[in-house]
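Everything below belongs to work29.pdb, which stores PDB, C-alpha atoms (C1' of nucleotides).
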ATOM      1  CA  MET D 357     -18.150 -26.076  -4.254
ATOM      2  CA  LYS D 358     -17.899 -22.484  -5.419
ATOM      3  CA  PRO D 359     -16.227 -19.768  -3.345
ATOM      4  CA  LEU D 360     -18.473 -17.367  -1.462
ATOM      5  CA  ARG D 361     -18.795 -14.170  -3.485
ATOM      6  CA  GLU D 362     -17.812 -10.646  -2.609
ATOM      7  CA  ALA D 363     -21.456  -9.734  -1.912
ATOM      8  CA  PHE D 364     -21.485 -12.183   1.012
ATOM      9  CA  TYR D 365     -18.724 -10.212   2.703
ATOM     10  CA  ARG D 366     -19.923  -6.744   1.674
ATOM     11  CA  ARG D 367     -22.336  -6.545   4.621
ATOM     12  CA  ASN D 368     -22.361  -5.725   8.327
ATOM     13  CA  THR D 369     -19.301  -7.290   9.946
ATOM     14  CA  ALA D 370     -21.136  -8.963  12.834
ATOM     15  CA  VAL D 371     -23.598 -10.541  10.417
ATOM     16  CA  VAL D 372     -20.750 -11.900   8.310
ATOM     17  CA  ALA D 373     -18.923 -13.165  11.412
ATOM     18  CA  PHE D 374     -22.059 -15.012  12.523
ATOM     19  CA  GLU D 375     -22.757 -16.475   9.102
ATOM     20  CA  LEU D 376     -19.178 -17.635   8.576
ATOM     21  CA  ILE D 377     -19.630 -20.129  11.413
ATOM     22  CA  GLY D 378     -19.997 -23.561   9.843
ATOM     23  CA  LYS D 379     -18.536 -22.551   6.466
ATOM     24  CA  THR D 380     -15.454 -24.266   5.053
ATOM     25  CA  LEU D 381     -12.139 -22.410   4.663
ATOM     26  CA  LEU D 382      -9.777 -23.890   2.056
ATOM     27  CA  PHE D 383      -6.205 -23.202   1.008
ATOM     28  CA  GLU D 384      -4.831 -25.258  -1.850
ATOM     29  CA  ARG D 385      -1.053 -25.164  -1.992
ATOM     30  CA  ASP D 386       1.619 -27.391  -3.522
ATOM     31  CA  GLY D 387      -1.056 -29.819  -4.661
ATOM     32  CA  ILE D 388      -2.342 -30.262  -1.119
ATOM     33  CA  VAL D 389      -5.771 -29.119   0.047
ATOM     34  CA  LEU D 390      -5.840 -27.744   3.582
ATOM     35  CA  SER D 391      -9.338 -27.103   4.872
ATOM     36  CA  GLY D 392     -11.387 -26.741   7.996
ATOM     37  CA  ARG D 393     -14.795 -25.853   9.272
ATOM     38  CA  ILE D 394     -14.924 -22.365  10.771
ATOM     39  CA  VAL D 395     -16.063 -22.811  14.379
ATOM     40  CA  GLU D 396     -15.044 -19.479  15.979
ATOM     41  CA  THR D 397     -14.949 -15.898  14.666
ATOM     42  CA  GLU D 398     -14.826 -12.318  15.916
ATOM     43  CA  ALA D 399     -16.100  -9.101  14.319
ATOM     44  CA  TYR D 400     -13.946  -5.957  14.257
ATOM     45  CA  PHE D 401     -15.319  -2.664  12.999
ATOM     46  CA  GLY D 402     -13.740   0.740  12.348
ATOM     47  CA  ALA D 403     -14.015   4.210  13.862
ATOM     48  CA  ASP D 404     -16.637   3.157  16.418
ATOM     49  CA  ASP D 405     -14.740   0.106  17.690
ATOM     50  CA  PRO D 406     -11.868   0.930  20.106
ATOM     51  CA  ALA D 407     -10.616  -2.674  19.989
ATOM     52  CA  SER D 408     -10.114  -2.604  16.223
ATOM     53  CA  HIS D 409      -6.856  -1.936  14.394
ATOM     54  CA  ALA D 410      -8.891   0.454  12.228
ATOM     55  CA  TYR D 411     -10.161   2.565  15.152
ATOM     56  CA  ARG D 412      -7.730   5.432  14.519
ATOM     57  CA  GLY D 413      -7.966   5.416  10.750
ATOM     58  CA  VAL D 414      -5.821   4.105   7.922
ATOM     59  CA  THR D 415      -2.240   2.969   8.555
ATOM     60  CA  PRO D 416       0.110   0.949   6.348
ATOM     61  CA  ARG D 417      -0.792  -2.192   8.283
ATOM     62  CA  ASN D 418      -4.570  -1.941   8.304
ATOM     63  CA  GLU D 419      -5.321  -0.306   4.962
ATOM     64  CA  VAL D 420      -6.710  -3.516   3.499
ATOM     65  CA  MET D 421      -9.466  -3.330   6.141
ATOM     66  CA  PHE D 422     -10.774  -0.241   4.325
ATOM     67  CA  GLY D 423     -10.666  -1.867   0.909
ATOM     68  CA  ARG D 424     -12.828  -4.318  -0.954
ATOM     69  CA  ALA D 425     -14.690  -7.056   0.882
ATOM     70  CA  GLY D 426     -13.619 -10.666   0.612
ATOM     71  CA  ARG D 427      -9.884  -9.933   0.846
ATOM     72  CA  SER D 428      -7.572 -11.376   3.481
ATOM     73  CA  TYR D 429      -6.077  -9.197   6.204
ATOM     74  CA  VAL D 430      -3.144 -10.939   7.897
ATOM     75  CA  TYR D 431      -1.071  -9.289  10.609
ATOM     76  CA  PHE D 432       1.805 -10.304  12.849
ATOM     77  CA  THR D 433       1.462  -9.930  16.608
ATOM     78  CA  TYR D 434       3.154 -10.648  19.927
ATOM     79  CA  GLY D 435       6.420 -11.203  18.080
ATOM     80  CA  ASN D 436       5.363 -14.737  17.285
ATOM     81  CA  HIS D 437       1.995 -15.139  15.677
ATOM     82  CA  HIS D 438      -0.034 -14.273  12.615
ATOM     83  CA  CYS D 439      -3.797 -13.727  12.592
ATOM     84  CA  LEU D 440      -6.119 -14.177   9.618
ATOM     85  CA  ASN D 441      -9.100 -11.917   8.938
ATOM     86  CA  ILE D 442     -11.538 -11.526   6.064
ATOM     87  CA  VAL D 443     -12.444  -7.969   5.078
ATOM     88  CA  THR D 444     -16.102  -6.921   5.225
ATOM     89  CA  GLU D 445     -18.365  -3.905   4.581
ATOM     90  CA  GLU D 446     -18.568  -1.577   1.593
ATOM     91  CA  GLU D 447     -15.322  -0.313   0.141
ATOM     92  CA  GLY D 448     -14.128   2.663   2.209
ATOM     93  CA  VAL D 449     -15.720   1.326   5.420
ATOM     94  CA  ALA D 450     -13.394  -0.584   7.761
ATOM     95  CA  GLY D 451     -14.370  -4.050   8.934
ATOM     96  CA  ALA D 452     -12.967  -7.553   9.189
ATOM     97  CA  VAL D 453     -13.763 -10.950  10.674
ATOM     98  CA  LEU D 454     -11.002 -12.657  12.640
ATOM     99  CA  ILE D 455     -10.895 -16.405  11.970
ATOM    100  CA  ARG D 456     -10.187 -17.729  15.461
ATOM    101  CA  SER D 457     -10.631 -21.485  15.119
ATOM    102  CA  LEU D 458     -11.081 -24.258  12.586
ATOM    103  CA  GLU D 459     -12.129 -27.853  12.887
ATOM    104  CA  PRO D 460      -9.635 -29.495  10.478
ATOM    105  CA  LEU D 461     -11.175 -31.408   7.571
ATOM    106  CA  ARG D 462      -8.597 -32.014   4.822
ATOM    107  CA  GLY D 463      -4.813 -31.982   4.908
ATOM    108  CA  ILE D 464      -4.711 -32.980   8.547
ATOM    109  CA  SER D 465      -1.310 -34.684   8.319
ATOM    110  CA  GLU D 466       0.138 -31.534   6.752
ATOM    111  CA  MET D 467      -1.348 -29.454   9.569
ATOM    112  CA  GLN D 468       0.128 -31.860  12.128
ATOM    113  CA  LYS D 469       3.529 -31.379  10.531
ATOM    114  CA  ARG D 470       3.286 -27.591  10.507
ATOM    115  CA  ARG D 471       1.937 -27.405  14.065
ATOM    116  CA  LYS D 472       4.174 -30.111  15.531
ATOM    117  CA  ARG D 473       1.095 -31.398  17.303
ATOM    118  CA  MET D 474      -0.956 -34.555  16.715
ATOM    119  CA  HIS D 475      -4.364 -34.060  18.239
ATOM    120  CA  ILE D 476      -7.115 -32.594  16.074
ATOM    121  CA  HIS D 477      -8.176 -30.122  18.717
ATOM    122  CA  GLU D 478      -4.640 -28.703  18.988
ATOM    123  CA  LEU D 479      -4.207 -27.945  15.292
ATOM    124  CA  ALA D 480      -6.265 -24.799  14.752
ATOM    125  CA  SER D 481      -8.021 -24.002  18.059
ATOM    126  CA  GLY D 482      -6.913 -20.356  18.184
ATOM    127  CA  PRO D 483      -6.074 -17.586  15.706
ATOM    128  CA  GLY D 484      -2.305 -18.117  15.844
ATOM    129  CA  LYS D 485      -2.783 -21.857  15.445
ATOM    130  CA  VAL D 486      -5.023 -21.398  12.404
ATOM    131  CA  THR D 487      -2.335 -19.490  10.526
ATOM    132  CA  GLU D 488       0.426 -21.865  11.585
ATOM    133  CA  ALA D 489      -1.617 -24.917  10.558
ATOM    134  CA  LEU D 490      -2.279 -23.422   7.116
ATOM    135  CA  GLY D 491       1.136 -21.760   6.716
ATOM    136  CA  ILE D 492      -0.322 -18.262   6.444
ATOM    137  CA  THR D 493       1.902 -15.187   6.900
ATOM    138  CA  ARG D 494       1.768 -11.523   5.914
ATOM    139  CA  GLU D 495       2.621 -12.617   2.384
ATOM    140  CA  HIS D 496      -0.968 -13.840   2.253
ATOM    141  CA  SER D 497      -2.512 -10.500   3.218
ATOM    142  CA  GLY D 498      -4.589  -8.738   0.578
ATOM    143  CA  TRP D 499      -5.430 -11.931  -1.300
ATOM    144  CA  ASN D 500      -8.792 -12.248  -2.992
ATOM    145  CA  LEU D 501     -10.654 -14.966  -1.091
ATOM    146  CA  THR D 502     -13.476 -15.165  -3.633
ATOM    147  CA  GLU D 503     -11.312 -17.321  -5.901
ATOM    148  CA  LYS D 504      -8.903 -20.232  -5.669
ATOM    149  CA  PRO D 505      -6.533 -21.216  -4.190
ATOM    150  CA  PHE D 506      -7.546 -19.490  -0.916
ATOM    151  CA  TYR D 507     -11.320 -19.286  -0.393
ATOM    152  CA  VAL D 508     -14.444 -20.123   1.617
ATOM    153  CA  THR D 509     -17.375 -22.303   0.588
ATOM    154  CA  GLU D 510     -20.688 -23.494   1.904
ATOM    155  CA  PRO D 511     -20.270 -26.644   4.010
ATOM    156  CA  GLU D 512     -21.055 -30.111   2.706
ATOM    157  CA  GLY D 513     -24.545 -30.961   3.866
ATOM    158  CA  ALA D 514     -26.774 -28.923   6.127
ATOM    159  CA  ARG D 515     -25.593 -26.227   8.495
ATOM    160  CA  GLU D 516     -27.062 -27.824  11.606
ATOM    161  CA  GLU D 517     -24.806 -26.089  14.068
ATOM    162  CA  TRP D 518     -26.618 -22.756  13.754
ATOM    163  CA  LEU D 519     -28.748 -23.893  16.679
ATOM    164  CA  HIS D 520     -25.659 -24.070  18.841
ATOM    165  CA  ILE D 521     -23.917 -20.809  17.983
ATOM    166  CA  ARG D 522     -23.098 -18.646  20.986
ATOM    167  CA  ALA D 523     -22.094 -14.987  21.145
ATOM    168  CA  THR D 524     -19.744 -13.627  23.834
ATOM    169  CA  SER D 525     -17.332 -10.754  24.345
ATOM    170  CA  ARG D 526     -14.126 -10.839  22.315
ATOM    171  CA  ILE D 527     -10.916 -12.382  23.647
ATOM    172  CA  GLY D 528      -7.526 -10.780  24.284
ATOM    173  CA  ILE D 529      -8.567  -7.146  23.956
ATOM    174  CA  SER D 530      -8.175  -4.306  26.455
ATOM    175  CA  ARG D 531     -11.044  -2.102  25.297
ATOM    176  CA  ALA D 532     -14.678  -2.645  24.296
ATOM    177  CA  LYS D 533     -14.695  -5.778  26.412
ATOM    178  CA  THR D 534     -18.440  -6.092  26.757
ATOM    179  CA  VAL D 535     -19.878  -6.137  23.246
ATOM    180  CA  PRO D 536     -20.729  -9.685  22.081
ATOM    181  CA  PHE D 537     -18.853  -9.838  18.797
ATOM    182  CA  ARG D 538     -17.337 -13.308  19.264
ATOM    183  CA  PHE D 539     -19.218 -16.258  17.791
ATOM    184  CA  TYR D 540     -18.499 -19.942  18.247
ATOM    185  CA  VAL D 541     -20.033 -23.399  18.009
ATOM    186  CA  GLN D 542     -21.006 -24.460  21.506
ATOM    187  CA  GLY D 543     -19.366 -27.667  22.665
ATOM    188  CA  ASN D 544     -16.950 -27.957  19.742
ATOM    189  CA  SER D 545     -13.520 -29.081  21.004
ATOM    190  CA  CYS D 546     -11.709 -27.059  18.327
ATOM    191  CA  VAL D 547     -12.896 -23.733  19.747
ATOM    192  CA  SER D 548     -10.119 -21.854  21.596
ATOM    193  CA  LYS D 549      -9.989 -22.173  25.377
ATOM    194  CA  ARG D 550     -10.787 -19.299  27.696
TER     195      ARG D 550
ATOM    196  C1'  DT N1337      14.527   7.760  18.126
ATOM    197  C1'  DG N1338      12.276   5.441  21.663
ATOM    198  C1'  DA N1339       8.787   3.243  24.473
ATOM    199  C1'  DA N1340       4.570   0.948  24.995
ATOM    200  C1'  DT N1341       1.487  -2.288  23.421
ATOM    201  C1'  DG N1342      -0.420  -6.244  21.623
ATOM    202  C1'  DA N1343      -7.276  -9.524  18.102
ATOM    203  C1'  DT N1344      -1.241 -15.211  21.276
ATOM    204  C1'  DC N1345       0.811 -19.545  22.636
ATOM    205  C1'  DA N1346       3.089 -23.055  25.339
ATOM    206  C1'  DC N1347       4.864 -24.418  29.426
ATOM    207  C1'  DG N1348       5.032 -24.919  34.564
TER     208       DG N1348
ATOM    209  C1'  DG F 666       0.560 -17.494  36.125
ATOM    210  C1'  DT F 667       4.288 -15.956  33.134
ATOM    211  C1'  DG F 668       7.959 -15.348  29.554
ATOM    212  C1'  DA F 669       8.925 -15.187  24.704
ATOM    213  C1'  DT F 670       9.616 -11.946  21.010
ATOM    214  C1'  DC F 671       9.140  -8.071  17.532
ATOM    215  C1'  DA F 672       6.207  -5.249  14.269
ATOM    216  C1'  DT F 673       3.517  -1.345  14.578
ATOM    217  C1'  DT F 674       2.107   2.935  16.214
ATOM    218  C1'  DC F 675       2.391   7.249  18.388
ATOM    219  C1'  DA F 676       4.781  10.500  21.118
ATOM    220  C1'  DT F 677       9.050  12.969  21.778
TER     221       DT F 677
END
Do you think you could lay out the structure here as structure tokens?
Amino acid sequence: MKPLREAFYRRNTAVVAFELIGKTLLFERDGIVLSGRIVETEAYFGADDPASHAYRGVTPRNEVMFGRAGRSYVYFTYGNHHCLNIVTEEEGVAGAVLIRSLEPLRGISEMQKRRKRMHIHELASGPGKVTEALGITREHSGWNLTEKPFYVTEPEGAREEWLHIRATSRIGISRAKTVPFRFYVQGNSCVSKR
DNA sequence: TGAATGATCACG
DNA sequence: GTGATCATTCAT
């Protein structure tokens, strides 16, 4: 399967966040393919979104959010965890989709090793777990996700889960708590817990 | 130079 | 419910 192209990401962030549900995220490293179905995302905008890192303009950390769509934005938070985003919108406009949860597909034993957990629903059911399962750190920020080895594709088969996608407020933020910019597959055990 | 904060997780 | 743990940001 071919990677999703830059034009997919160069659109409204909430639309991209919604449409990324059900797609497959892949990272091929050291001859091992790690992949999962995206089952939970959140949209973060720019100047009009007080919960976004880009709310107050460009900083050294967030500058990739203002750059070209389809790039990774990885940041370190709470002294322990990394979070993976994919940049959206036209160049010069801030936006990114936080990848909150994956349903593991390939490379499960490698994810179990990295996470020190066995159960499928513990491997990538939260943004910090996603990056730990795939071994993603700030070194992987700014990568071009429209080409291998780190990319997103259409799922195998039909995208049936669109019927079951829910939208709610975003998790873990202190501002803009009401807008429904979180999307997830209802009933999927790999979605993060409330 | 310092203090506050944080798009989290695991454990009890 | 709470502690861990530190990079980032903004104010001083």
| task | Please provide the set of residues having any atom within 10 Å of region 668-673 of chain F, restricted to all atoms listed in the file, with same-chain residues fewer than 3 positions apart removed, written as a ChimeraX atom specification. | result | /D:415-417,431-437 /N:1341-1342,1345-1347
Target residues per the PyMOL selection byres ((chain D and resi 375) around 12), formatted as a CSV table (one decimal) with C-alpha atoms, in the frame of the given file:
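Result went into selection.csv, see below:
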chain,number,residue,atom,x,y,z
D,360,LEU,CA,-18.5,-17.4,-1.5
D,364,PHE,CA,-21.5,-12.2,1.0
D,365,TYR,CA,-18.7,-10.2,2.7
D,367,ARG,CA,-22.3,-6.5,4.6
D,368,ASN,CA,-22.4,-5.7,8.3
D,369,THR,CA,-19.3,-7.3,9.9
D,370,ALA,CA,-21.1,-9.0,12.8
D,371,VAL,CA,-23.6,-10.5,10.4
D,372,VAL,CA,-20.8,-11.9,8.3
D,373,ALA,CA,-18.9,-13.2,11.4
D,374,PHE,CA,-22.1,-15.0,12.5
D,376,LEU,CA,-19.2,-17.6,8.6
D,377,ILE,CA,-19.6,-20.1,11.4
D,378,GLY,CA,-20.0,-23.6,9.8
D,379,LYS,CA,-18.5,-22.6,6.5
D,380,THR,CA,-15.5,-24.3,5.1
D,394,ILE,CA,-14.9,-22.4,10.8
D,395,VAL,CA,-16.1,-22.8,14.4
D,396,GLU,CA,-15.0,-19.5,16.0
D,397,THR,CA,-14.9,-15.9,14.7
D,398,GLU,CA,-14.8,-12.3,15.9
D,399,ALA,CA,-16.1,-9.1,14.3
D,453,VAL,CA,-13.8,-11.0,10.7
D,508,VAL,CA,-14.4,-20.1,1.6
D,509,THR,CA,-17.4,-22.3,0.6
D,510,GLU,CA,-20.7,-23.5,1.9
D,511,PRO,CA,-20.3,-26.6,4.0
D,515,ARG,CA,-25.6,-26.2,8.5
D,517,GLU,CA,-24.8,-26.1,14.1
D,518,TRP,CA,-26.6,-22.8,13.8
D,521,ILE,CA,-23.9,-20.8,18.0
D,538,ARG,CA,-17.3,-13.3,19.3
D,539,PHE,CA,-19.2,-16.3,17.8
D,540,TYR,CA,-18.5,-19.9,18.2
D,541,VAL,CA,-20.0,-23.4,18.0
Expected axis-aligned box over every listed atom of chain F, 8 Å added per side, centre plus edges in Å to one decimal, as lines of an AutoDock Vina configuration file:
center_x = 5.1
center_y = -2.3
center_z = 25.2
size_x = 25.1
size_y = 46.5
size_z = 37.9
| message | Residues of chain D were defined as contacting chain N if any atom lay at most 12 Å from it, counting all atoms listed in the file; please report them as a PyMOL selection string. | response | chain D and resi 397-401+406-410+429-441+452-456+471+473+478+480-488+525-533+537-538+548-549
| query | Looking at D:Gly413, D:Arg385, D:Arg366, D:Glu503, which one is nearest to chain F, with distances taken over all atoms listed in the file? | reply | D:Gly413
| Pick from D:His475, D:Arg412, D:Arg361, D:Arg393: nearest to DT674 (chain F), with only C-alpha atoms (C1' of nucleotides) counted? | D:Arg412
| query | How many Å lie between CA of Met467 (chain D) and CA of His520 (chain D), rounded to one decimal? | reply |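 Interatomic distance here is 26.6 Å.
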| Quick one: distance from CA of Gly543 (chain D) to CA of Thr493 (chain D) in Å, one decimal? | 29.3 Å
| Nearest to chain F among D:Lys358, D:Arg494, D:Ile388, D:Gly423, with distances taken over all atoms listed in the file: which residue is it? |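 Among the listed residues, the smallest separation from chain F belongs to D:Arg494.
The interatomic distance for the pair CA of Glu419 (chain D) and CA of Glu447 (chain D) works out to 11.1 Å.
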